[in-house]
Every structure is written in C-alpha cells, then in structure tokens.
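S.K.: File data-v2.cif below, mmCIF, C-alpha atoms:
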```cif
data_target
#
loop_
_atom_site.label_atom_id
_atom_site.label_comp_id
_atom_site.auth_asym_id
_atom_site.auth_seq_id
_atom_site.Cartn_x
_atom_site.Cartn_y
_atom_site.Cartn_z
CA MET A 8 91.08 95.43 97.12
CA ASN A 9 93.55 97.44 95.00
CA PHE A 10 91.52 100.55 94.21
CA THR A 11 94.36 102.24 92.32
CA GLU A 12 94.25 99.44 89.74
CA GLN A 13 90.50 99.56 89.17
CA ASP A 14 89.24 100.46 85.71
CA SER A 15 88.99 104.20 85.01
CA ARG A 16 85.58 105.79 85.29
CA HIS A 17 86.26 107.46 81.92
CA GLN A 18 85.95 105.50 78.68
CA ASN A 19 87.27 105.82 75.12
CA LEU A 20 89.95 108.35 76.08
CA HIS A 21 91.60 107.98 72.69
CA GLU A 22 88.54 109.49 71.04
CA LEU A 23 88.41 112.64 73.22
CA GLY A 24 89.71 116.12 72.45
CA PHE A 25 91.88 118.17 74.77
CA ASP A 26 88.98 119.98 76.47
CA ASP A 27 87.24 116.75 77.42
CA LEU A 28 90.48 115.06 78.47
CA LEU A 29 91.47 117.96 80.71
CA LYS A 30 87.99 118.26 82.23
CA GLY A 31 88.07 114.56 83.03
CA ILE A 32 91.50 114.75 84.64
CA ASN A 33 90.46 117.80 86.64
CA THR A 34 87.25 116.11 87.78
CA GLU A 35 89.29 113.26 89.23
CA ASP A 36 91.84 115.60 90.80
CA LEU A 37 89.14 117.55 92.65
CA GLY A 38 88.62 114.64 95.03
CA VAL A 39 92.27 114.26 96.02
CA ALA A 40 92.33 117.01 98.64
CA VAL A 41 89.16 115.61 100.20
CA SER A 42 90.76 112.16 100.40
CA VAL A 43 93.76 113.68 102.16
CA GLN A 44 91.55 115.70 104.51
CA GLU A 45 89.84 112.51 105.62
CA LYS A 46 93.19 111.18 106.91
CA ILE A 47 94.38 114.20 108.91
CA ASP A 48 94.37 112.13 112.11
CA GLN A 49 96.69 109.54 110.55
CA ILE A 50 98.95 112.25 109.13
CA ALA A 51 99.14 113.91 112.54
CA LYS A 52 100.29 110.64 114.12
CA LEU A 53 102.99 110.28 111.48
CA CYS A 54 104.09 113.87 112.10
CA ALA A 55 104.32 113.21 115.83
CA LEU A 56 106.48 110.13 115.24
CA VAL A 57 108.80 111.97 112.84
CA HIS A 58 109.05 114.95 115.19
CA ASP A 59 109.87 112.70 118.13
CA ARG A 60 112.78 111.09 116.30
CA MET A 61 114.12 114.25 114.67
CA SER A 62 113.89 116.30 117.88
CA GLN A 63 116.22 113.75 119.45
CA GLY A 64 118.74 113.99 116.61
CA GLY A 65 117.36 111.19 114.45
CA ARG A 66 116.80 111.30 110.72
CA LEU A 67 113.79 110.93 108.45
CA PHE A 68 114.12 108.42 105.62
CA TYR A 69 111.73 108.19 102.69
CA LEU A 70 111.80 104.90 100.80
CA GLY A 71 109.95 104.12 97.59
CA ALA A 72 110.05 102.85 94.02
CA GLY A 73 109.24 104.68 90.80
CA THR A 74 107.05 107.76 91.22
CA SER A 75 106.79 107.13 94.97
CA GLY A 76 110.57 107.10 95.33
CA ARG A 77 110.95 110.24 93.25
CA LEU A 78 108.38 112.09 95.35
CA GLY A 79 110.28 111.19 98.52
CA ILE A 80 113.52 112.44 97.01
CA VAL A 81 111.92 115.72 95.95
CA ASP A 82 110.54 116.35 99.44
CA ALA A 83 113.81 115.41 101.13
CA SER A 84 115.89 117.59 98.81
CA GLU A 85 113.78 120.66 99.54
CA CYS A 86 114.22 120.55 103.32
CA PRO A 87 117.77 121.99 103.54
CA PRO A 88 117.16 125.06 101.33
CA THR A 89 113.73 125.76 102.79
CA TYR A 90 114.41 125.18 106.48
CA GLY A 91 118.19 125.28 106.81
CA VAL A 92 118.48 121.76 108.16
CA GLU A 93 121.75 120.07 107.31
CA HIS A 94 121.90 117.69 104.38
CA GLY A 95 121.40 114.14 105.58
CA ARG A 96 118.66 114.86 108.12
CA VAL A 97 115.95 114.02 105.58
CA ILE A 98 116.98 111.36 103.06
CA GLY A 99 115.10 110.03 100.06
CA ILE A 100 115.95 106.56 98.74
CA ILE A 101 114.62 105.08 95.50
CA ALA A 102 114.64 101.46 94.34
CA GLY A 103 117.34 101.02 91.74
CA GLY A 104 119.54 103.83 93.08
CA ASP A 105 119.94 107.41 91.95
CA SER A 106 119.89 106.46 88.26
CA ALA A 107 116.25 105.45 88.76
CA ILE A 108 115.35 109.10 89.45
CA ARG A 109 115.52 109.76 85.71
CA LYS A 110 115.15 106.32 84.15
CA ALA A 111 113.15 103.35 85.40
CA VAL A 112 115.23 100.39 86.60
CA GLU A 113 113.43 97.19 85.66
CA PHE A 114 112.26 94.96 88.50
CA ALA A 115 114.07 97.05 91.15
CA GLU A 116 110.83 97.38 93.14
CA ASP A 117 110.38 93.60 93.31
CA ASP A 118 113.39 92.93 95.57
CA MET A 119 112.24 92.28 99.16
CA GLU A 120 115.78 92.53 100.57
CA GLN A 121 117.27 95.54 98.80
CA GLY A 122 115.28 98.23 100.58
CA PHE A 123 116.78 97.51 103.97
CA GLN A 124 120.22 97.05 102.42
CA ASP A 125 119.91 100.54 100.96
CA LEU A 126 118.99 101.89 104.40
CA LEU A 127 122.05 100.20 105.88
CA GLN A 128 124.19 102.10 103.38
CA HIS A 129 123.13 105.18 105.34
CA SER A 130 123.75 103.49 108.71
CA VAL A 131 120.09 103.58 109.73
CA THR A 132 119.54 103.08 113.46
CA ALA A 133 116.72 102.95 115.99
CA LYS A 134 117.14 106.72 116.45
CA ASP A 135 115.72 107.24 112.94
CA VAL A 136 112.28 106.88 111.35
CA VAL A 137 111.64 105.27 107.97
CA VAL A 138 108.57 106.20 105.92
CA GLY A 139 107.70 103.81 103.12
CA ILE A 140 105.89 105.27 100.12
CA SER A 141 103.81 103.03 97.87
CA ALA A 142 100.61 103.80 96.00
CA SER A 143 99.63 100.13 95.92
CA GLY A 144 100.64 99.49 99.51
CA ARG A 145 102.35 96.26 98.55
CA THR A 146 105.62 97.17 96.77
CA PRO A 147 108.10 94.43 97.82
CA TYR A 148 111.07 96.83 98.02
CA VAL A 149 109.19 98.94 100.58
CA LEU A 150 107.41 96.12 102.39
CA GLY A 151 110.61 94.14 102.95
CA ALA A 152 112.40 97.21 104.26
CA LEU A 153 109.68 98.06 106.75
CA GLN A 154 109.53 94.47 107.96
CA GLN A 155 113.28 94.51 108.56
CA CYS A 156 113.02 97.87 110.31
CA LYS A 157 110.44 96.42 112.68
CA GLN A 158 112.78 93.54 113.52
CA HIS A 159 115.57 96.02 114.29
CA GLY A 160 113.45 98.33 116.44
CA ILE A 161 113.35 101.15 113.88
CA ALA A 162 110.17 103.25 113.86
CA THR A 163 108.22 103.26 110.61
CA GLY A 164 105.46 105.10 108.85
CA CYS A 165 103.99 104.86 105.40
CA VAL A 166 101.98 106.71 102.78
CA VAL A 167 99.81 104.40 100.67
CA CYS A 168 96.71 104.85 98.50
CA ASN A 169 94.85 101.60 99.09
CA PRO A 170 93.05 100.45 102.26
CA ALA A 171 94.13 97.50 104.39
CA SER A 172 97.48 97.07 102.64
CA ALA A 173 100.40 94.90 103.68
CA ILE A 174 102.65 97.93 104.09
CA ALA A 175 100.16 99.78 106.27
CA ALA A 176 99.79 96.68 108.44
CA VAL A 177 103.49 96.66 109.31
CA ALA A 178 103.96 100.45 109.75
CA ASP A 179 103.82 102.09 113.17
CA ALA A 180 102.15 105.20 111.76
CA PRO A 181 100.33 104.36 108.52
CA VAL A 182 98.70 106.97 106.32
CA GLU A 183 96.15 105.44 103.93
CA VAL A 184 94.79 108.01 101.47
CA VAL A 185 92.34 106.14 99.24
CA THR A 186 92.26 107.99 95.91
CA GLY A 187 90.37 105.40 93.84
CA PRO A 188 90.69 104.60 90.14
CA GLU A 189 92.99 106.77 88.06
CA PHE A 190 91.89 108.71 84.97
CA VAL A 191 94.19 106.47 82.93
CA THR A 192 93.73 103.04 84.48
CA GLY A 193 96.59 102.21 86.86
CA SER A 194 98.55 105.44 86.23
CA THR A 195 99.30 106.16 89.88
CA ARG A 196 101.59 109.06 89.05
CA MET A 197 98.31 110.99 88.75
CA LYS A 198 95.86 111.09 91.69
CA ALA A 199 97.88 108.80 93.94
CA GLY A 200 101.02 110.79 93.18
CA THR A 201 99.25 114.07 93.88
CA ALA A 202 97.91 112.78 97.20
CA THR A 203 101.34 111.48 98.18
CA LYS A 204 102.99 114.81 97.37
CA MET A 205 100.39 116.61 99.48
CA VAL A 206 100.98 114.32 102.46
CA LEU A 207 104.77 114.59 102.27
CA ASN A 208 104.51 118.38 102.06
CA MET A 209 102.29 118.35 105.14
CA VAL A 210 104.61 116.10 107.13
CA THR A 211 107.86 117.97 106.58
CA THR A 212 106.25 121.39 106.80
CA ALA A 213 104.49 120.65 110.09
CA VAL A 214 107.53 118.90 111.57
CA MET A 215 109.94 121.66 110.57
CA ILE A 216 107.64 124.28 112.07
CA ARG A 217 107.49 122.36 115.35
CA LEU A 218 111.29 121.94 115.27
CA GLY A 219 111.57 125.73 115.29
CA HIS A 220 112.59 126.47 111.72
CA VAL A 221 109.70 128.90 111.16
CA LEU A 222 109.19 132.17 113.04
CA GLY A 223 105.64 133.49 112.82
CA ASN A 224 104.91 132.33 109.30
CA LYS A 225 108.36 132.97 107.83
CA MET A 226 111.06 130.41 106.95
CA VAL A 227 113.79 132.28 108.78
CA ASP A 228 116.37 129.50 108.45
CA MET A 229 116.18 129.21 104.66
CA GLN A 230 119.43 129.07 102.71
CA LEU A 231 120.36 132.25 100.85
CA SER A 232 121.24 130.34 97.70
CA ASN A 233 120.05 132.78 95.01
CA GLU A 234 119.05 136.40 94.50
CA LYS A 235 115.35 135.65 94.83
CA LEU A 236 115.87 134.21 98.31
CA ILE A 237 118.19 137.05 99.31
CA LEU A 238 115.48 139.51 98.29
CA ARG A 239 112.84 137.52 100.19
CA GLY A 240 115.10 137.40 103.24
CA THR A 241 115.78 141.12 103.02
CA PHE A 242 112.06 141.90 103.17
CA MET A 243 111.68 139.53 106.13
CA VAL A 244 114.41 141.42 108.00
CA MET A 245 112.85 144.75 107.05
CA GLN A 246 109.45 143.64 108.28
CA ALA A 247 110.78 142.31 111.57
CA THR A 248 113.18 145.14 112.40
CA GLY A 249 112.03 148.27 110.61
CA LEU A 250 115.37 148.65 108.82
CA GLU A 251 115.56 150.18 105.35
CA GLU A 252 116.19 147.80 102.47
CA ALA A 253 119.90 148.47 102.00
CA GLU A 254 120.69 148.08 105.69
CA ALA A 255 118.47 145.01 106.03
CA LYS A 256 120.22 143.34 103.10
CA SER A 257 123.60 144.21 104.56
CA MET A 258 122.68 142.66 107.91
CA LEU A 259 121.27 139.60 106.17
CA LEU A 260 124.42 138.97 104.17
CA LYS A 261 126.65 139.70 107.15
CA HIS A 262 124.92 137.20 109.43
CA GLY A 263 124.00 134.61 106.79
CA SER A 264 120.39 133.97 107.76
CA VAL A 265 117.16 135.83 108.41
CA ARG A 266 117.02 134.53 111.97
CA ARG A 267 120.54 135.68 112.89
CA ALA A 268 120.06 139.05 111.19
CA ILE A 269 116.86 139.71 113.16
CA GLU A 270 118.46 138.56 116.40
CA ALA A 271 121.42 140.88 115.81
CA VAL A 272 119.14 143.87 115.46
CA THR A 273 116.51 142.94 118.05
CA PRO A 274 118.26 140.66 120.57
#
```
Could you quickly redo this structure as structure tokens?
M.R.:
Amino acid sequence: MNFTEQDSRHQNLHELGFDDLLKGINTEDLGVAVSVQEKIDQIAKLCALVHDRMSQGGRLFYLGAGTSGRLGIVDASECPPTYGVEHGRVIGIIAGGDSAIRKAVEFAEDDMEQGFQDLLQHSVTAKDVVVGISASGRTPYVLGALQQCKQHGIATGCVVCNPASAIAAVADAPVEVVTGPEFVTGSTRMKAGTATKMVLNMVTTAVMIRLGHVLGNKMVDMQLSNEKLILRGTFMVMQATGLEEAEAKSMLLKHGSVRRAIEAVTP
C-alpha cells in the first residue's frame, strides 16, 4: 500500500486560518522523528555498508527524482565543506540533470534506463555504493538504476517512505521510514522529505565520524571557506591547545585546517 498517497487526515484546508494550518502541519511533523527512530537498525546497516565502501576508497552516490534528488544533492554538497573530504567522494544525481535542481523536468523520473546511464557518466564501479531515494519506493528512474547496479555487482541502499516497496526489495541495505499520509495529500516534500533529510544527515554524519573526520565532537577537517568557519576553527584550536586567540588563528591559517594546527602545537 502507498501510504504517502493516502488521503490527508485533515479536511477543508482551504477554509482554515494560519494558526490552524500551522498547528496541523506541526502535528503531522511531530511523528516524523519517531518514524525515523523506529528504523535505527536499518539505518545502521546502511551506514555500515557505506562506511565499508568509502573506507576502501569507494564513493557514495545518491540517486533520486524531484525532492528526493534535491535532498541527496544537498547532503552530498555539504560533505566537503563540513568534513574536508574531496569533491567527488559523495555525489548526488537527480533525474533530469542539474537543471532539475531548480525546475522540474517533466517525466524524467519515469525513465527506467536513465538512472544507471547517469551513474555511468561518473564511472560507477563495484567499489562504490549507490543509495536510491524515493518517497514512494517505486520511482522508475531509481528502481531501474538499482536493478542495473545489482546486475553489475554494485552495492545498493535506499531511503523510502512506504513499506514493502519495489525499491526496498532490490536494495542491499533498505531503509523504510513509514511517515503516513501527508498534511496536503500526496505532498511528499513535507513529512517524507523531512524524514529523508533526517536519514541522510544521520548516514553521512555517522560515516564521516567513523572515517575519522571528527575529533572528540569537533569537525576538525572542515574547510576554512569563510570568516565564520575561521572563527569557529580558531576557537577549536584555542580549546585544544590553550593558545591565545591571535596565535591560534595564526596557526590555523598557516596550517590550513584545525587538525593540522592542533597537531603542529601538540604533536
């Protein structure tokens, strides 16, 4: 059954004021974290699979259409600045190509063959892992890609929001977060999108920690790409070494990362 397409539990939305609309949305959102919590075991298995491939030099691919594709791209794009991993280690692919990030490409998600073709553009191999993202669990673009990956010995995972889906059936490490009917019937950018974002955050955060990109609870490999991050890095160096702010900032800028600055002071 496609729970994400079931009729909303809230009726006559067009007659409601802002207070009632927002309370209704919030009421639905409150259950999302619980739905994710119920699938921690599945998420842990996906993390282990991703970590296994990435620790051996493989890459993580996210593949999706529409909101699902955009969420994968957001998560992938945040890994280099947050954890200092090189661009191209975590890659987000969306049906319809990069133009679909801003504007929907009609029928792009319905092509069973294009997903794997898009992966081939990045020279995907059996060293990598491909995670399909689909609220419905049946998006042809994602399903076809994961089926082809299976035939080529490429490990797969998925994040879906319906039980017993076709995509989950083909994935090696499926994550099935059942979020139920949306506040606006079928609008899976809402609860399903929130649940998906939570899971992707959990996967890359946990994997990057286990790959060694966090020291204590600090992202010591982050890129120093703006003044805010330089200031954050300076305080990290100060905290770890006891240096005064000016000297800590000098060491940070000299060595180019929090990790290297700390190691230079406290080898």
S.K.: Which residues come within 8 Å of Ser143 of chain A, counting only C-alpha atoms, excluding same-chain residues fewer than 5 positions away, as JSON, numbers by chain?
M.R.: {"A": [9, 11, 167, 168, 169, 172]}
S.K.: Rounded to one decimal place, report the atom CA of Thr186 of chain A-atom CA of Gln49 of chain A distance in Å.
M.R.: 15.4 Å
S.K.: Neighbours of Ile98 of chain A within 10 Å (all atoms listed in the file; same-chain residues fewer than 5 positions away dropped), as a PDB file with C-alpha atoms, in the frame of the given file?
M.R.:
```pdb
ATOM      1  CA  ARG A  66     116.800 111.300 110.720  1.00  0.00           C
ATOM      2  CA  LEU A  67     113.790 110.930 108.450  1.00  0.00           C
ATOM      3  CA  PHE A  68     114.120 108.420 105.620  1.00  0.00           C
ATOM      4  CA  TYR A  69     111.730 108.190 102.690  1.00  0.00           C
ATOM      5  CA  LEU A  70     111.800 104.900 100.800  1.00  0.00           C
ATOM      6  CA  GLY A  79     110.280 111.190  98.520  1.00  0.00           C
ATOM      7  CA  ILE A  80     113.520 112.440  97.010  1.00  0.00           C
ATOM      8  CA  VAL A  81     111.920 115.720  95.950  1.00  0.00           C
ATOM      9  CA  ASP A  82     110.540 116.350  99.440  1.00  0.00           C
ATOM     10  CA  ALA A  83     113.810 115.410 101.130  1.00  0.00           C
ATOM     11  CA  SER A  84     115.890 117.590  98.810  1.00  0.00           C
ATOM     12  CA  CYS A  86     114.220 120.550 103.320  1.00  0.00           C
ATOM     13  CA  LEU A 126     118.990 101.890 104.400  1.00  0.00           C
ATOM     14  CA  HIS A 129     123.130 105.180 105.340  1.00  0.00           C
ATOM     15  CA  VAL A 137     111.640 105.270 107.970  1.00  0.00           C
TER      16      VAL A 137
END
```
S.K.: Go ahead and fit an axis-aligned box to every listed atom of segment 251-256 of chain A plus 3 Å each side, and pass me the centre and edge lengths in Å, one decimal, as lines of an AutoDock Vina configuration file.
M.R.:
```
center_x = 118.1
center_y = 146.8
center_z = 104.0
size_x = 11.1
size_y = 12.8
size_z = 10.0
```
S.K.: With distances taken over only C-alpha atoms, which residue among A:Asp118, A:Glu183, A:Asp105, A:Glu113 lies nearest Gly151 of chain A?
M.R.: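 Among the listed residues, the smallest separation from Gly151 of chain A belongs to A:Asp118.
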S.K.: Show me as a JSON list (two decimals) with C-alpha atoms, in the coordinates of the input the residues that reach within 10 Å of (121.1, 129.7, 101.3), counting all atoms listed in the file and using the file's own coordinates.
M.R.:
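Output file point33.json is given in full below:
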```json
[["chain", "number", "residue", "atom", "x", "y", "z"],
["A", 87, "PRO", "CA", 117.77, 121.99, 103.54],
["A", 88, "PRO", "CA", 117.16, 125.06, 101.33],
["A", 89, "THR", "CA", 113.73, 125.76, 102.79],
["A", 90, "TYR", "CA", 114.41, 125.18, 106.48],
["A", 91, "GLY", "CA", 118.19, 125.28, 106.81],
["A", 228, "ASP", "CA", 116.37, 129.50, 108.45],
["A", 229, "MET", "CA", 116.18, 129.21, 104.66],
["A", 230, "GLN", "CA", 119.43, 129.07, 102.71],
["A", 231, "LEU", "CA", 120.36, 132.25, 100.85],
["A", 232, "SER", "CA", 121.24, 130.34, 97.70],
["A", 233, "ASN", "CA", 120.05, 132.78, 95.01],
["A", 234, "GLU", "CA", 119.05, 136.40, 94.50],
["A", 236, "LEU", "CA", 115.87, 134.21, 98.31],
["A", 237, "ILE", "CA", 118.19, 137.05, 99.31],
["A", 240, "GLY", "CA", 115.10, 137.40, 103.24],
["A", 263, "GLY", "CA", 124.00, 134.61, 106.79],
["A", 264, "SER", "CA", 120.39, 133.97, 107.76]]
```
S.K.: Counting only C-alpha atoms, what is within 12 Å of Leu127 of chain A, bar same-chain residues fewer than 6 positions away, as a PDB file with C-alpha atoms, in the frame of the given file?
M.R.:
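The result, stored in selection.pdb:
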```
ATOM      1  CA  PHE A  68     114.120 108.420 105.620  1.00  0.00           C
ATOM      2  CA  ILE A 100     115.950 106.560  98.740  1.00  0.00           C
ATOM      3  CA  GLU A 120     115.780  92.530 100.570  1.00  0.00           C
ATOM      4  CA  GLN A 121     117.270  95.540  98.800  1.00  0.00           C
ATOM      5  CA  ALA A 133     116.720 102.950 115.990  1.00  0.00           C
ATOM      6  CA  ASP A 135     115.720 107.240 112.940  1.00  0.00           C
ATOM      7  CA  VAL A 137     111.640 105.270 107.970  1.00  0.00           C
ATOM      8  CA  ALA A 152     112.400  97.210 104.260  1.00  0.00           C
ATOM      9  CA  GLN A 155     113.280  94.510 108.560  1.00  0.00           C
ATOM     10  CA  CYS A 156     113.020  97.870 110.310  1.00  0.00           C
ATOM     11  CA  HIS A 159     115.570  96.020 114.290  1.00  0.00           C
ATOM     12  CA  ILE A 161     113.350 101.150 113.880  1.00  0.00           C
TER      13      ILE A 161
END
```
S.K.: For Leu218 of chain A, find every residue with an atom within 9 Å (counting all atoms listed in the file), except residues of its own chain fewer than 6 positions away, and show them as a PyMOL selection string.
M.R.: chain A and resi 58+61-62
S.K.: Using the chain letters and residue numbers of this document, give as a list in words the residues selected by the PyMOL selection byres ((chain A and resi 184) around 9).
M.R.: Val39, Ser42, Val43, Gln44, Glu45, Lys46, Val166, Val167, Cys168, Asn169, Pro170, Val182, Glu183, Val185, Thr186, Ala199, Ala202, Thr203 and Val206 of chain A
S.K.: Between atom CA of Lys261 of chain A and atom CA of Gly95 of chain A, what is the spacing in Å?
M.R.: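 Between atom CA of Gly95 of chain A and atom CA of Lys261 of chain A the gap is 26.1 Å.
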S.K.: Quick one: residues within 6 Å of segment 12-15 of chain A, all atoms listed in the file counted, chain neighbours fewer than 3 positions away excluded, as a list in words?
M.R.: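 The filter keeps Asn9, Pro188, Glu189, Phe190, Thr192 and Gly193 of chain A.
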S.K.: How many Å lie between atom CA of Asp117 of chain A and atom CA of Tyr148 of chain A, rounded to one decimal?
M.R.: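 Answer for the atom CA of Asp117 of chain A to atom CA of Tyr148 of chain A separation: 5.8 Å.
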S.K.: Have segment 143-175 of chain A completed to N, CA and C atoms, please, and pass it along as an mmCIF file, keeping the file's coordinate frame.
M.R.:
```cif
data_model
loop_
_atom_site.group_PDB
_atom_site.id
_atom_site.type_symbol
_atom_site.label_atom_id
_atom_site.label_comp_id
_atom_site.auth_asym_id
_atom_site.auth_seq_id
_atom_site.Cartn_x
_atom_site.Cartn_y
_atom_site.Cartn_z
ATOM 1 N N SER A 143 100.350 101.396 95.795
ATOM 2 C CA SER A 143 99.630 100.130 95.920
ATOM 3 C C SER A 143 99.560 99.634 97.347
ATOM 4 N N GLY A 144 100.571 99.991 98.145
ATOM 5 C CA GLY A 144 100.640 99.490 99.510
ATOM 6 C C GLY A 144 101.228 98.097 99.611
ATOM 7 N N ARG A 145 101.823 97.625 98.521
ATOM 8 C CA ARG A 145 102.350 96.260 98.550
ATOM 9 C C ARG A 145 103.707 96.127 97.857
ATOM 10 N N THR A 146 104.343 97.217 97.479
ATOM 11 C CA THR A 146 105.620 97.170 96.770
ATOM 12 C C THR A 146 106.644 96.373 97.579
ATOM 13 N N PRO A 147 107.179 95.284 97.051
ATOM 14 C CA PRO A 147 108.100 94.430 97.820
ATOM 15 C C PRO A 147 109.317 95.176 98.368
ATOM 16 N N TYR A 148 109.894 96.064 97.589
ATOM 17 C CA TYR A 148 111.070 96.830 98.020
ATOM 18 C C TYR A 148 110.772 97.584 99.319
ATOM 19 N N VAL A 149 109.590 98.167 99.402
ATOM 20 C CA VAL A 149 109.190 98.940 100.580
ATOM 21 C C VAL A 149 108.739 98.009 101.703
ATOM 22 N N LEU A 150 107.928 97.035 101.374
ATOM 23 C CA LEU A 150 107.410 96.120 102.390
ATOM 24 C C LEU A 150 108.536 95.386 103.103
ATOM 25 N N GLY A 151 109.486 94.852 102.343
ATOM 26 C CA GLY A 151 110.610 94.140 102.950
ATOM 27 C C GLY A 151 111.423 95.031 103.864
ATOM 28 N N ALA A 152 111.623 96.268 103.445
ATOM 29 C CA ALA A 152 112.400 97.210 104.260
ATOM 30 C C ALA A 152 111.707 97.500 105.575
ATOM 31 N N LEU A 153 110.402 97.751 105.518
ATOM 32 C CA LEU A 153 109.680 98.060 106.750
ATOM 33 C C LEU A 153 109.612 96.858 107.681
ATOM 34 N N GLN A 154 109.506 95.670 107.131
ATOM 35 C CA GLN A 154 109.530 94.470 107.960
ATOM 36 C C GLN A 154 110.872 94.331 108.674
ATOM 37 N N GLN A 155 111.949 94.589 107.962
ATOM 38 C CA GLN A 155 113.280 94.510 108.560
ATOM 39 C C GLN A 155 113.471 95.611 109.612
ATOM 40 N N CYS A 156 112.931 96.788 109.329
ATOM 41 C CA CYS A 156 113.020 97.870 110.310
ATOM 42 C C CYS A 156 112.332 97.459 111.612
ATOM 43 N N LYS A 157 111.179 96.852 111.499
ATOM 44 C CA LYS A 157 110.440 96.420 112.680
ATOM 45 C C LYS A 157 111.257 95.444 113.505
ATOM 46 N N GLN A 158 111.944 94.520 112.824
ATOM 47 C CA GLN A 158 112.780 93.540 113.520
ATOM 48 C C GLN A 158 113.974 94.184 114.216
ATOM 49 N N HIS A 159 114.412 95.339 113.715
ATOM 50 C CA HIS A 159 115.570 96.020 114.290
ATOM 51 C C HIS A 159 115.179 97.192 115.191
ATOM 52 N N GLY A 160 113.898 97.295 115.513
ATOM 53 C CA GLY A 160 113.450 98.330 116.440
ATOM 54 C C GLY A 160 113.473 99.735 115.872
ATOM 55 N N ILE A 161 113.351 99.854 114.551
ATOM 56 C CA ILE A 161 113.350 101.150 113.880
ATOM 57 C C ILE A 161 111.909 101.572 113.607
ATOM 58 N N ALA A 162 111.539 102.761 114.030
ATOM 59 C CA ALA A 162 110.170 103.250 113.860
ATOM 60 C C ALA A 162 109.859 103.448 112.378
ATOM 61 N N THR A 163 108.614 103.162 112.013
ATOM 62 C CA THR A 163 108.220 103.260 110.610
ATOM 63 C C THR A 163 106.878 103.939 110.438
ATOM 64 N N GLY A 164 106.734 104.570 109.298
ATOM 65 C CA GLY A 164 105.460 105.100 108.850
ATOM 66 C C GLY A 164 105.293 104.734 107.399
ATOM 67 N N CYS A 165 104.168 105.100 106.818
ATOM 68 C CA CYS A 165 103.990 104.860 105.400
ATOM 69 C C CYS A 165 102.948 105.814 104.838
ATOM 70 N N VAL A 166 103.018 106.000 103.523
ATOM 71 C CA VAL A 166 101.980 106.710 102.780
ATOM 72 C C VAL A 166 101.570 105.792 101.647
ATOM 73 N N VAL A 167 100.327 105.305 101.687
ATOM 74 C CA VAL A 167 99.810 104.400 100.670
ATOM 75 C C VAL A 167 98.444 104.909 100.199
ATOM 76 N N CYS A 168 97.968 104.360 99.067
ATOM 77 C CA CYS A 168 96.710 104.850 98.500
ATOM 78 C C CYS A 168 95.687 103.744 98.309
ATOM 79 N N ASN A 169 95.836 102.676 99.066
ATOM 80 C CA ASN A 169 94.850 101.600 99.090
ATOM 81 C C ASN A 169 94.572 101.238 100.550
ATOM 82 N N PRO A 170 93.370 100.817 100.875
ATOM 83 C CA PRO A 170 93.050 100.450 102.260
ATOM 84 C C PRO A 170 93.556 99.056 102.589
ATOM 85 N N ALA A 171 93.811 98.842 103.878
ATOM 86 C CA ALA A 171 94.130 97.500 104.390
ATOM 87 C C ALA A 171 95.282 96.852 103.633
ATOM 88 N N SER A 172 96.344 97.596 103.400
ATOM 89 C CA SER A 172 97.480 97.070 102.640
ATOM 90 C C SER A 172 98.492 96.394 103.546
ATOM 91 N N ALA A 173 99.353 95.596 102.929
ATOM 92 C CA ALA A 173 100.400 94.900 103.680
ATOM 93 C C ALA A 173 101.383 95.876 104.293
ATOM 94 N N ILE A 174 101.703 96.941 103.578
ATOM 95 C CA ILE A 174 102.650 97.930 104.090
ATOM 96 C C ILE A 174 102.060 98.688 105.272
ATOM 97 N N ALA A 175 100.801 99.081 105.164
ATOM 98 C CA ALA A 175 100.160 99.780 106.270
ATOM 99 C C ALA A 175 100.082 98.900 107.514
#
```
